[in-house]
file query.tsv (TSV, C-alpha atoms and all ligand atoms)
chain	number	residue	atom	x	y	z
A	1	MET	CA	4.52	-21.51	3.97
A	2	PRO	CA	3.54	-20.20	0.61
A	3	GLU	CA	0.83	-21.30	-1.70
A	4	ALA	CA	2.31	-22.75	-4.84
A	5	SER	CA	0.74	-19.96	-6.80
A	6	ARG	CA	2.22	-17.05	-4.91
A	7	PRO	CA	5.87	-17.69	-4.21
A	8	HIS	CA	7.06	-14.20	-4.90
A	9	GLU	CA	4.97	-12.40	-2.36
A	10	VAL	CA	7.47	-11.12	0.08
A	11	ALA	CA	7.40	-8.55	2.78
A	12	GLY	CA	10.20	-6.09	2.74
A	13	PRO	CA	11.24	-2.54	3.10
A	14	VAL	CA	11.04	-1.73	-0.59
A	15	PRO	CA	7.58	-0.33	-1.27
A	16	GLU	CA	5.38	-1.46	-4.13
A	17	ALA	CA	5.40	2.08	-5.43
A	18	SER	CA	9.05	1.80	-6.33
A	19	ARG	CA	8.62	-1.23	-8.54
A	20	PRO	CA	8.38	-0.20	-12.15
A	21	HIS	CA	8.65	-3.44	-14.03
A	22	GLU	CA	10.28	-2.20	-17.15
A	23	VAL	CA	13.36	-0.15	-17.77
A	24	ALA	CA	12.51	1.29	-21.14
A	25	GLY	CA	15.13	1.04	-23.82
A	26	LEU	CA	17.77	-0.49	-21.63
A	27	VAL	CA	17.77	-4.06	-22.82
A	28	PRO	CA	21.38	-5.11	-22.95
A	29	GLU	CA	22.97	-7.86	-24.91
A	30	ALA	CA	23.31	-10.97	-22.83
A	31	SER	CA	26.97	-11.07	-23.75
A	32	ARG	CA	27.88	-7.79	-22.10
A	33	PRO	CA	26.87	-8.19	-18.51
A	34	HIS	CA	29.67	-6.17	-16.99
A	35	GLU	CA	30.01	-3.44	-19.52
A	36	VAL	CA	29.93	-0.44	-17.29
A	37	ALA	CA	33.11	1.54	-17.56
A	38	GLY	CA	35.79	0.50	-15.13
A	39	LEU	CA	33.79	-2.05	-13.17
A	40	VAL	CA	35.44	-5.39	-13.65
A	41	PRO	CA	39.06	-4.32	-13.51
A	42	GLU	CA	38.31	-2.41	-10.35
A	43	ALA	CA	36.60	-5.33	-8.64
A	44	SER	CA	39.42	-7.69	-9.52
A	45	ARG	CA	42.39	-5.65	-8.41
A	46	PRO	CA	43.68	-7.90	-5.65
A	47	HIS	CA	45.97	-5.63	-3.66
A	48	GLU	CA	43.95	-2.51	-3.26
A	49	GLY	CA	42.64	-1.68	0.15
A	50	ASP	CA	38.90	-1.62	0.50
A	51	SER	CA	38.96	1.92	1.76
A	52	GLN	CA	40.07	3.06	-1.68
A	53	ALA	CA	37.10	4.18	-3.74
A	54	GLY	CA	36.97	2.79	-7.27
A	55	THR	CA	36.01	4.57	-10.42
A	56	VAL	CA	32.41	3.51	-10.56
A	57	SER	CA	29.53	4.99	-8.63
A	58	TRP	CA	26.70	3.09	-6.99
A	59	GLY	CA	24.40	4.87	-9.40
A	60	GLU	CA	26.21	3.23	-12.32
A	61	LEU	CA	26.12	-0.11	-10.56
A	62	LEU	CA	22.38	0.32	-10.02
A	63	ASP	CA	21.96	0.87	-13.76
A	64	GLU	CA	24.03	-2.23	-14.44
A	65	ALA	CA	21.86	-4.28	-12.11
A	66	ARG	CA	18.66	-2.97	-13.71
A	67	LEU	CA	19.94	-3.85	-17.17
A	68	ARG	CA	20.96	-7.36	-16.32
A	69	LEU	CA	18.00	-8.18	-14.13
A	70	SER	CA	15.50	-6.85	-16.65
A	71	VAL	CA	16.60	-9.45	-19.19
A	72	SER	CA	16.84	-12.32	-16.74
A	73	ALA	CA	13.95	-14.74	-17.19
A	74	GLU	CA	14.24	-15.54	-13.48
A	75	VAL	CA	13.51	-12.03	-12.23
A	76	GLU	CA	10.01	-10.59	-12.08
A	77	THR	CA	10.81	-7.33	-10.29
A	78	PRO	CA	14.14	-6.05	-11.64
A	79	GLU	CA	13.79	-2.57	-10.19
A	80	VAL	CA	13.16	-3.82	-6.66
A	81	ASP	CA	15.85	-6.43	-6.89
A	82	ALA	CA	18.43	-3.99	-8.27
A	83	ARG	CA	17.78	-1.56	-5.46
A	84	ARG	CA	17.94	-4.23	-2.76
A	85	ILE	CA	21.21	-5.60	-4.13
A	86	VAL	CA	22.76	-2.13	-4.18
A	87	GLU	CA	21.57	-1.50	-0.63
A	88	ALA	CA	22.95	-4.83	0.58
A	89	ALA	CA	26.29	-4.54	-1.22
A	90	SER	CA	26.87	-0.92	-0.25
A	91	GLY	CA	25.54	-1.26	3.28
A	92	ALA	CA	23.22	1.69	2.71
A	93	SER	CA	19.92	1.83	4.53
A	94	PRO	CA	16.81	2.69	2.47
A	95	ALA	CA	17.07	6.25	3.81
A	96	GLU	CA	20.68	6.52	2.62
A	97	PHE	CA	19.98	5.07	-0.79
A	98	ASP	CA	19.80	8.29	-2.85
A	99	ARG	CA	22.96	9.64	-1.27
A	100	VAL	CA	24.96	6.45	-1.80
A	101	LEU	CA	24.16	6.48	-5.52
A	102	ARG	CA	26.49	9.48	-5.87
A	103	GLN	CA	29.32	7.73	-4.03
A	104	ARG	CA	31.91	5.45	-5.57
A	105	ALA	CA	32.04	1.76	-4.68
A	106	THR	CA	35.19	0.33	-3.18
A	107	THR	CA	36.94	-2.73	-4.57
A	108	LEU	CA	35.39	-5.10	-2.10
A	109	THR	CA	31.89	-3.68	-2.17
A	110	ALA	CA	31.85	-3.74	-5.99
A	111	ALA	CA	32.98	-7.38	-5.91
A	112	ARG	CA	30.22	-8.12	-3.42
A	113	PHE	CA	27.75	-6.37	-5.70
A	114	PHE	CA	28.72	-8.47	-8.73
A	115	SER	CA	28.61	-11.68	-6.74
A	116	MET	CA	25.07	-10.88	-5.58
A	117	LEU	CA	24.00	-9.86	-9.06
A	118	GLU	CA	25.29	-13.12	-10.55
A	119	ARG	CA	23.46	-15.17	-7.95
A	120	ARG	CA	20.20	-13.32	-8.54
A	121	CYS	CA	20.51	-13.68	-12.32
A	122	THR	CA	20.78	-17.46	-11.95
A	123	GLY	CA	17.43	-17.49	-10.14
A	124	GLU	CA	18.50	-17.60	-6.49
A	125	PRO	CA	15.77	-15.86	-4.46
A	126	LEU	CA	16.48	-12.21	-3.67
A	127	GLN	CA	16.11	-12.86	0.06
A	128	TYR	CA	18.95	-15.41	0.06
A	129	VAL	CA	21.09	-13.18	-2.14
A	130	VAL	CA	20.86	-10.15	0.12
A	131	GLY	CA	20.93	-12.37	3.21
A	132	SER	CA	18.22	-10.72	5.25
A	133	TRP	CA	14.52	-9.97	5.07
A	134	GLY	CA	11.91	-7.99	6.94
A	135	PHE	CA	9.35	-9.79	9.08
A	136	ARG	CA	6.97	-7.67	11.16
A	137	THR	CA	9.34	-5.49	13.24
A	138	LEU	CA	12.40	-7.67	12.63
A	139	ASP	CA	15.16	-7.78	10.07
A	140	LEU	CA	15.99	-11.48	9.92
A	141	MET	CA	19.07	-13.15	8.54
A	142	VAL	CA	18.01	-15.75	5.97
A	143	ASP	CA	19.92	-18.21	3.82
A	144	HIS	CA	19.39	-21.56	2.12
A	145	ARG	CA	19.09	-23.34	5.49
A	146	VAL	CA	15.68	-21.81	6.24
A	147	LEU	CA	12.38	-21.06	4.58
A	148	ILE	CA	12.11	-17.45	3.48
A	149	PRO	CA	9.66	-15.82	5.90
A	150	ARG	CA	6.40	-15.00	4.11
A	151	PRO	CA	3.91	-12.16	4.60
A	152	GLU	CA	1.12	-14.62	5.37
A	153	THR	CA	3.19	-15.87	8.28
A	154	GLU	CA	3.38	-12.31	9.60
A	155	VAL	CA	-0.41	-12.60	9.99
A	156	VAL	CA	0.00	-15.93	11.80
A	157	ALA	CA	2.49	-14.34	14.21
A	158	GLY	CA	0.00	-11.51	14.80
A	159	TRP	CA	-2.69	-13.97	15.90
A	160	ALA	CA	-0.17	-15.68	18.18
A	161	VAL	CA	0.59	-12.29	19.76
A	162	ASP	CA	-3.16	-11.79	20.30
A	163	GLU	CA	-3.48	-15.16	22.01
A	164	VAL	CA	-0.48	-14.42	24.26
A	165	GLU	CA	-2.09	-11.15	25.30
A	166	ARG	CA	-5.41	-12.90	25.96
A	167	ARG	CA	-3.74	-15.52	28.15
A	168	SER	CA	-1.80	-12.84	29.99
A	169	THR	CA	-4.95	-10.83	30.67
A	170	GLU	CA	-6.79	-13.95	31.87
A	171	ALA	CA	-3.95	-14.59	34.31
A	172	GLY	CA	-4.13	-11.03	35.62
A	173	GLY	CA	-0.89	-10.10	33.89
A	174	ASP	CA	1.20	-11.49	36.72
A	175	ARG	CA	2.81	-14.55	35.16
A	176	GLU	CA	4.81	-15.59	32.13
A	177	VAL	CA	2.88	-16.88	29.15
A	178	VAL	CA	4.50	-20.04	27.76
A	179	VAL	CA	4.65	-20.22	23.98
A	180	VAL	CA	5.92	-23.05	21.79
A	181	ASP	CA	6.80	-22.31	18.14
A	182	LEU	CA	7.14	-25.64	16.35
A	183	GLY	CA	9.34	-25.62	13.23
A	184	THR	CA	10.78	-22.21	13.91
A	185	GLY	CA	13.06	-22.00	10.84
A	186	SER	CA	14.61	-18.54	10.86
A	187	GLY	CA	12.89	-17.87	14.18
A	188	ALA	CA	10.45	-15.49	12.52
A	189	ILE	CA	7.37	-16.30	14.61
A	190	ALA	CA	9.16	-17.09	17.87
A	191	LEU	CA	11.25	-13.92	17.85
A	192	SER	CA	8.33	-11.72	16.84
A	193	VAL	CA	6.28	-13.05	19.75
A	194	ALA	CA	9.18	-12.57	22.16
A	195	VAL	CA	9.85	-9.03	20.99
A	196	GLU	CA	6.20	-7.97	20.89
A	197	CYS	CA	5.10	-9.72	24.09
A	198	PRO	CA	7.33	-8.96	27.08
A	199	GLN	CA	5.34	-11.48	29.13
A	200	ALA	CA	6.09	-14.39	26.77
A	201	ARG	CA	8.58	-17.18	27.36
A	202	VAL	CA	9.17	-18.83	24.01
A	203	PHE	CA	10.37	-22.34	23.22
A	204	ALA	CA	11.35	-22.49	19.56
A	205	THR	CA	11.92	-25.93	18.03
A	206	ASP	CA	13.05	-27.40	14.75
A	207	VAL	CA	14.10	-30.82	13.50
A	208	SER	CA	16.80	-29.11	11.42
A	209	ALA	CA	20.00	-28.23	13.27
A	210	GLU	CA	20.92	-25.99	10.34
A	211	ALA	CA	17.70	-24.02	10.70
A	212	LEU	CA	18.31	-23.64	14.43
A	213	ALA	CA	21.75	-22.20	13.69
A	214	VAL	CA	20.05	-19.44	11.67
A	215	ALA	CA	17.44	-18.93	14.40
A	216	GLY	CA	20.31	-18.64	16.88
A	217	ALA	CA	21.96	-15.94	14.82
A	218	ASN	CA	18.68	-14.04	14.66
A	219	LEU	CA	18.17	-14.54	18.38
A	220	ALA	CA	21.42	-12.70	18.97
A	221	GLY	CA	19.96	-9.71	17.14
A	222	VAL	CA	16.87	-9.08	19.26
A	223	GLY	CA	18.49	-7.74	22.41
A	224	ARG	CA	16.95	-8.37	25.82
A	225	ALA	CA	14.01	-10.33	24.43
A	226	ALA	CA	16.50	-13.10	23.61
A	227	THR	CA	16.71	-13.97	27.31
A	228	ARG	CA	13.11	-15.24	27.09
A	229	VAL	CA	13.70	-17.49	24.08
A	230	SER	CA	15.26	-20.95	23.97
A	231	LEU	CA	15.96	-23.16	20.96
A	232	HIS	CA	15.34	-26.93	20.96
A	233	GLU	CA	16.17	-29.50	18.32
A	234	GLY	CA	13.85	-32.43	17.67
A	235	ASP	CA	10.76	-33.86	16.04
A	236	TRP	CA	7.75	-31.65	16.87
A	237	PHE	CA	6.87	-31.96	20.59
A	238	GLU	CA	9.73	-34.35	21.29
A	239	ALA	CA	11.93	-31.26	21.39
A	240	VAL	CA	9.89	-29.61	24.14
A	241	PRO	CA	10.91	-30.17	27.78
A	242	GLY	CA	8.62	-32.90	29.15
A	243	ALA	CA	7.74	-30.95	32.28
A	244	MET	CA	5.74	-28.53	30.12
A	245	ARG	CA	3.27	-31.14	28.92
A	246	GLY	CA	-0.26	-29.98	29.74
A	247	SER	CA	0.74	-26.45	30.71
A	248	VAL	CA	1.65	-24.61	27.50
A	249	ASP	CA	-0.37	-21.43	26.87
A	250	VAL	CA	0.06	-21.02	23.11
A	251	VAL	CA	1.28	-23.44	20.43
A	252	VAL	CA	2.03	-21.70	17.16
A	253	SER	CA	3.36	-23.37	14.03
A	254	ASN	CA	3.82	-22.99	10.33
A	255	PRO	CA	4.55	-26.63	9.52
A	256	PRO	CA	5.37	-28.00	6.06
A	257	TYR	CA	2.13	-28.52	4.18
A	258	ILE	CA	2.89	-29.42	0.59
A	259	GLY	CA	1.75	-32.88	-0.47
A	260	ALA	CA	3.71	-35.29	-2.65
A	261	GLY	CA	1.46	-34.76	-5.66
A	262	GLU	CA	1.48	-30.97	-5.48
A	263	GLU	CA	3.70	-28.79	-7.60
A	264	LEU	CA	5.83	-25.90	-6.51
A	265	PRO	CA	7.39	-23.27	-8.75
A	266	PRO	CA	11.11	-23.86	-9.35
A	267	VAL	CA	12.06	-20.71	-7.44
A	268	VAL	CA	10.68	-22.41	-4.33
A	269	ALA	CA	11.36	-26.10	-5.00
A	270	ASP	CA	14.91	-25.55	-6.27
A	271	TRP	CA	16.10	-23.22	-3.53
A	272	GLU	CA	14.22	-23.59	-0.28
A	273	PRO	CA	14.90	-26.48	2.13
A	274	PRO	CA	12.78	-29.56	1.32
A	275	VAL	CA	12.21	-30.26	5.00
A	276	ALA	CA	10.46	-26.88	5.27
A	277	LEU	CA	8.19	-27.54	2.30
A	278	TRP	CA	7.12	-31.13	1.97
A	279	SER	CA	4.90	-32.91	4.44
A	280	GLY	CA	3.76	-36.44	3.56
A	281	PRO	CA	1.88	-37.92	0.62
A	282	ALA	CA	-1.33	-36.05	1.47
A	283	GLY	CA	0.23	-32.76	2.60
A	284	HIS	CA	-1.54	-32.59	5.96
A	285	GLU	CA	0.56	-35.14	7.87
A	286	ALA	CA	2.69	-32.58	9.73
A	287	VAL	CA	-0.37	-30.44	10.46
A	288	GLU	CA	-2.11	-33.48	11.98
A	289	GLN	CA	0.88	-34.23	14.20
A	290	VAL	CA	1.01	-30.67	15.45
A	291	ILE	CA	-2.74	-30.56	16.15
A	292	HIS	CA	-2.69	-33.89	17.96
A	293	GLY	CA	0.34	-32.93	20.04
A	294	ALA	CA	-1.04	-29.50	20.85
A	295	SER	CA	-4.19	-31.06	22.30
A	296	GLN	CA	-1.95	-32.82	24.82
A	297	TRP	CA	0.66	-30.16	25.54
A	298	LEU	CA	-1.58	-27.12	25.95
A	299	GLY	CA	-3.12	-26.37	29.31
A	300	PRO	CA	-6.84	-25.65	29.81
A	301	GLY	CA	-7.78	-22.55	27.83
A	302	GLY	CA	-4.55	-22.74	25.83
A	303	ALA	CA	-4.56	-21.79	22.16
A	304	LEU	CA	-3.34	-23.35	18.93
A	305	VAL	CA	-2.42	-20.95	16.11
A	306	LEU	CA	-1.61	-22.81	12.93
A	307	GLU	CA	-0.71	-21.72	9.43
A	308	ALA	CA	-2.52	-23.86	6.85
A	309	ALA	CA	-2.60	-24.34	3.11
A	310	SER	CA	-5.48	-22.11	2.03
A	311	HIS	CA	-7.16	-24.91	0.08
A	312	ARG	CA	-7.01	-27.11	3.19
A	313	ALA	CA	-7.80	-24.52	5.87
A	314	GLN	CA	-11.34	-25.78	6.48
A	315	GLN	CA	-10.11	-29.38	6.59
A	316	THR	CA	-7.44	-28.30	9.09
A	317	ALA	CA	-10.08	-26.57	11.20
A	318	GLY	CA	-12.09	-29.79	11.16
A	319	MET	CA	-9.05	-31.71	12.41
A	320	ALA	CA	-8.65	-29.23	15.26
A	321	SER	CA	-12.31	-29.62	16.26
A	322	GLY	CA	-11.92	-33.39	16.08
A	323	ALA	CA	-8.90	-33.21	18.39
A	324	GLY	CA	-10.95	-31.45	21.08
A	325	PHE	CA	-10.38	-27.77	20.31
A	326	SER	CA	-13.34	-25.43	20.72
A	327	ASP	CA	-14.09	-22.03	19.19
A	328	VAL	CA	-12.14	-23.15	16.13
A	329	ARG	CA	-12.03	-20.48	13.47
A	330	VAL	CA	-10.23	-19.70	10.23
A	331	GLU	CA	-8.67	-16.29	9.60
A	332	ARG	CA	-7.57	-14.87	6.26
A	333	ASP	CA	-4.16	-13.59	5.21
A	334	LEU	CA	-3.43	-10.24	3.58
A	335	ALA	CA	-4.33	-11.69	0.19
A	336	GLY	CA	-7.78	-12.64	1.50
A	337	LEU	CA	-7.02	-16.37	1.49
A	338	GLU	CA	-8.05	-18.65	4.34
A	339	ARG	CA	-4.75	-19.14	6.08
A	340	VAL	CA	-4.76	-19.30	9.86
A	341	VAL	CA	-6.56	-21.87	12.01
A	342	ILE	CA	-7.08	-20.89	15.63
A	343	GLY	CA	-8.57	-23.07	18.32
A	344	ARG	CA	-8.66	-23.14	22.09
A	345	LEU	CA	-8.83	-25.99	24.54
A	346	PRO	CA	-11.88	-25.90	26.85
A	401	LIG	C1	7.30	-23.95	6.62
A	401	LIG	S1	8.76	-23.91	7.52
A	401	LIG	C2	8.40	-22.63	8.68
A	401	LIG	C3	9.61	-21.86	9.16
A	401	LIG	C4	9.24	-20.64	10.00
A	401	LIG	N1	8.46	-20.99	11.15
A	401	LIG	C5	8.46	-19.64	9.16
A	401	LIG	O1	7.25	-19.57	9.31
A	401	LIG	O2	9.08	-18.95	8.34
A	401	LIG	C6	8.61	-25.40	8.44
A	401	LIG	C7	9.71	-25.66	9.45
A	401	LIG	O3	9.40	-26.88	10.11
A	401	LIG	C8	10.58	-27.60	10.29
A	401	LIG	N2	10.24	-29.02	10.43
A	401	LIG	C9	9.97	-29.92	9.45
A	401	LIG	N3	9.71	-31.12	9.96
A	401	LIG	C10	9.81	-31.00	11.31
A	401	LIG	C11	9.65	-31.90	12.39
A	401	LIG	N4	9.35	-33.19	12.19
A	401	LIG	N5	9.82	-31.43	13.64
A	401	LIG	C12	10.13	-30.12	13.85
A	401	LIG	N6	10.30	-29.22	12.86
A	401	LIG	C13	10.14	-29.66	11.60
A	401	LIG	C14	11.42	-27.28	9.08
A	401	LIG	O4	12.79	-27.52	9.31
A	401	LIG	C15	11.09	-25.80	8.86
A	401	LIG	O5	12.00	-24.98	9.53

call {"tool": "encode", "arguments": {"input": "query.tsv", "output": "structure tokens"}}
result
Amino acid sequence: MPEASRPHEVAGPVPEASRPHEVAGLVPEASRPHEVAGLVPEASRPHEGDSQAGTVSWGELLDEARLRLSVSAEVETPEVDARRIVEAASGASPAEFDRVLRQRATTLTAARFFSMLERRCTGEPLQYVVGSWGFRTLDLMVDHRVLIPRPETEVVAGWAVDEVERRSTEAGGDREVVVVDLGTGSGAIALSVAVECPQARVFATDVSAEALAVAGANLAGVGRAATRVSLHEGDWFEAVPGAMRGSVDVVVSNPPYIGAGEELPPVVADWEPPVALWSGPAGHEAVEQVIHGASQWLGPGGALVLEAASHRAQQTAGMASGAGFSDVRVERDLAGLERVVIGRLP
């Protein structure tokens, strides 16, 4: 989960290099959002087939998006956002982007474009607007039912992959490695582990049935690895099949860790699911539950990989030591912040 101070850090296919923050001289009047020749009438013609190209090109629509996004107080990266909206509305991959700019939008795709642009201008996060986001090797579907996967969580998933490989090596590579991802949300961590570790069997849980529906949709997109993943609804370890108690190899989790007194930027607090953000009054209640449960559900030598609030990472490590974990250490995320707590049972 994000630090309150860095909600906009997102991983995605659009490189930093393509993010000029200003479009010089193109500040439009707020009252003329759709003033690009031919756009609105085209998008609103009800009886035209979608195969019929309209009069406006994707290049013109890109300009329109840049103009409107650059004057929206809600948008920090108008160039990136404009490009991603055009890609999503047109269906073009990043490699096809330059070519699609010369093509004309159809009625339906232009309407889709304007709908996305409106949503983004009102402050809805780009990831929800375009409906998918990159996470490690995956392109995940995301919407308001799940937390937007963050780059720091990609680091957490990487450490979970390392622990799966360690357990596999210790076992001589001849058995499945059992992984539990608690609070799976979009399935980001669970599916990454399953895809990157062919020896992993992954139990992904969440208390939110809505989140599990999104995880299920993403599960359908990972091919054969999906046969090694199951989804379970319930409160932390209550969702895990009882027979696994004391034999799990790796518990990984990015639990909610915002405390009642802490503030979040509106772009997070207003749009992302509260159950994914808020823990208890102190902020570490969910973390404590996961640590305590992991000490009972892991087998000997099993590993806990936990995402933590950076300002509480050392405290979280102390909790893990207190719960019986050894070799407890804290790893940093890509921003250099203490982020991941890793411990192993003796
Ligand atoms: C910070 S989000 C992490 C989502 C995803 N793992 C990720 O890293 O992007 C926390 C997740 O924990 C889930 N959650 C909250 N309380 C829970 C509980 N008591 N038991 C299980 N899951 C819970 C939320 O629904 C949410 O999906």

call {"tool": "residues_near_point", "arguments": {"input": "query.tsv", "point": "(8.6, -7.6, 9.3)", "cutoff": "9 Å", "atoms": "all atoms listed in the file", "output": "list in words"}}
result
Ala11, Gly12, Pro13, Trp133, Gly134, Phe135, Arg136, Thr137, Leu138, Asp139, Leu140, Pro149, Pro151, Glu154, Ala188 and Ser192 of chain A

call {"tool": "closest_atom_pairs", "arguments": {"input": "query.tsv", "of": "chain A", "to": "ligand LIG 401 (chain A)", "cutoff": "6 Å", "atoms": "only C-alpha atoms and all ligand atoms", "output": "CSV"}}
result
residue,atom,partner,partner_atom,distance
A:Met1,CA,A:LIG401,C1,4.6
A:Val146,CA,A:LIG401,O5,5.9
A:Leu147,CA,A:LIG401,C3,5.4
A:Ile148,CA,A:LIG401,O2,5.9
A:Pro149,CA,A:LIG401,O2,4.0
A:Thr153,CA,A:LIG401,O1,5.6
A:Leu182,CA,A:LIG401,N6,5.9
A:Gly183,CA,A:LIG401,O3,3.4
A:Thr184,CA,A:LIG401,N1,3.8
A:Gly185,CA,A:LIG401,O5,3.4
A:Ser186,CA,A:LIG401,C4,5.8
A:Ala188,CA,A:LIG401,O2,5.6
A:Ile189,CA,A:LIG401,N1,5.9
A:Asp206,CA,A:LIG401,N6,3.8
A:Val207,CA,A:LIG401,C12,4.0
A:Ser208,CA,A:LIG401,O4,4.8
A:Ala211,CA,A:LIG401,O5,5.9
A:Gly234,CA,A:LIG401,N5,5.8
A:Asp235,CA,A:LIG401,N5,3.5
A:Trp236,CA,A:LIG401,N5,3.8
A:Asn254,CA,A:LIG401,C2,4.9
A:Pro255,CA,A:LIG401,C6,4.4
A:Pro256,CA,A:LIG401,C1,4.5
A:Val275,CA,A:LIG401,C9,5.0
A:Ala276,CA,A:LIG401,C15,3.8
A:Leu277,CA,A:LIG401,C1,5.7

call {"tool": "residues_around", "arguments": {"input": "query.tsv", "residues": "Val248 (chain A)", "least_positions_apart": "6", "cutoff": "7 Å", "atoms": "all atoms listed in the file", "output": "list in words"}}
result
Val178, Val179, Trp297, Leu298, Gly299 and Gly302 of chain A

call {"tool": "write_last_selection", "arguments": {"input": "query.tsv", "atoms": "C-alpha atoms", "output": "CSV table (one decimal), in the coordinates of the input"}}
result
chain,number,residue,atom,x,y,z
A,178,VAL,CA,4.5,-20.0,27.8
A,179,VAL,CA,4.6,-20.2,24.0
A,297,TRP,CA,0.7,-30.2,25.5
A,298,LEU,CA,-1.6,-27.1,26.0
A,299,GLY,CA,-3.1,-26.4,29.3
A,302,GLY,CA,-4.6,-22.7,25.8

call {"tool": "atom_distance", "arguments": {"input": "query.tsv", "atom1": "CA of Val328 (chain A)", "atom2": "CA of Ser253 (chain A)"}}
result
15.6 Å

call {"tool": "atom_distance", "arguments": {"input": "query.tsv", "atom1": "CA of Ala309 (chain A)", "atom2": "CA of Pro266 (chain A)"}}
result
18.5 Å

call {"tool": "residues_around", "arguments": {"input": "query.tsv", "residues": "Leu219 (chain A)", "least_positions_apart": "3", "cutoff": "12 Å", "atoms": "only C-alpha atoms", "output": "PyMOL selection string"}}
result
chain A and resi 138-141+184-192+194-195+202+204+212-216+222-231

call {"tool": "closest_atom_pairs", "arguments": {"input": "query.tsv", "of": "region 290-342 of chain A", "to": "region 280-285 of chain A", "cutoff": "9 Å", "atoms": "all atoms listed in the file", "output": "Markdown table"}}
result
| residue | atom | partner | partner_atom | distance |
| --- | --- | --- | --- | --- |
| A:Val290 | CA | A:Glu285 | CA | 8.8 |
| A:Ala308 | CA | A:His284 | CA | 8.8 |
| A:Ala309 | CA | A:His284 | CA | 8.8 |
| A:Arg312 | CA | A:His284 | CA | 8.2 |
| A:Thr316 | CA | A:His284 | CA | 7.9 |

call {"tool": "closest_residue", "arguments": {"input": "query.tsv", "among": "A:Asp249, A:Val268, A:Pro273, A:Ala111", "to": "Ala171 (chain A)", "atoms": "all atoms listed in the file"}}
result
A:Asp249
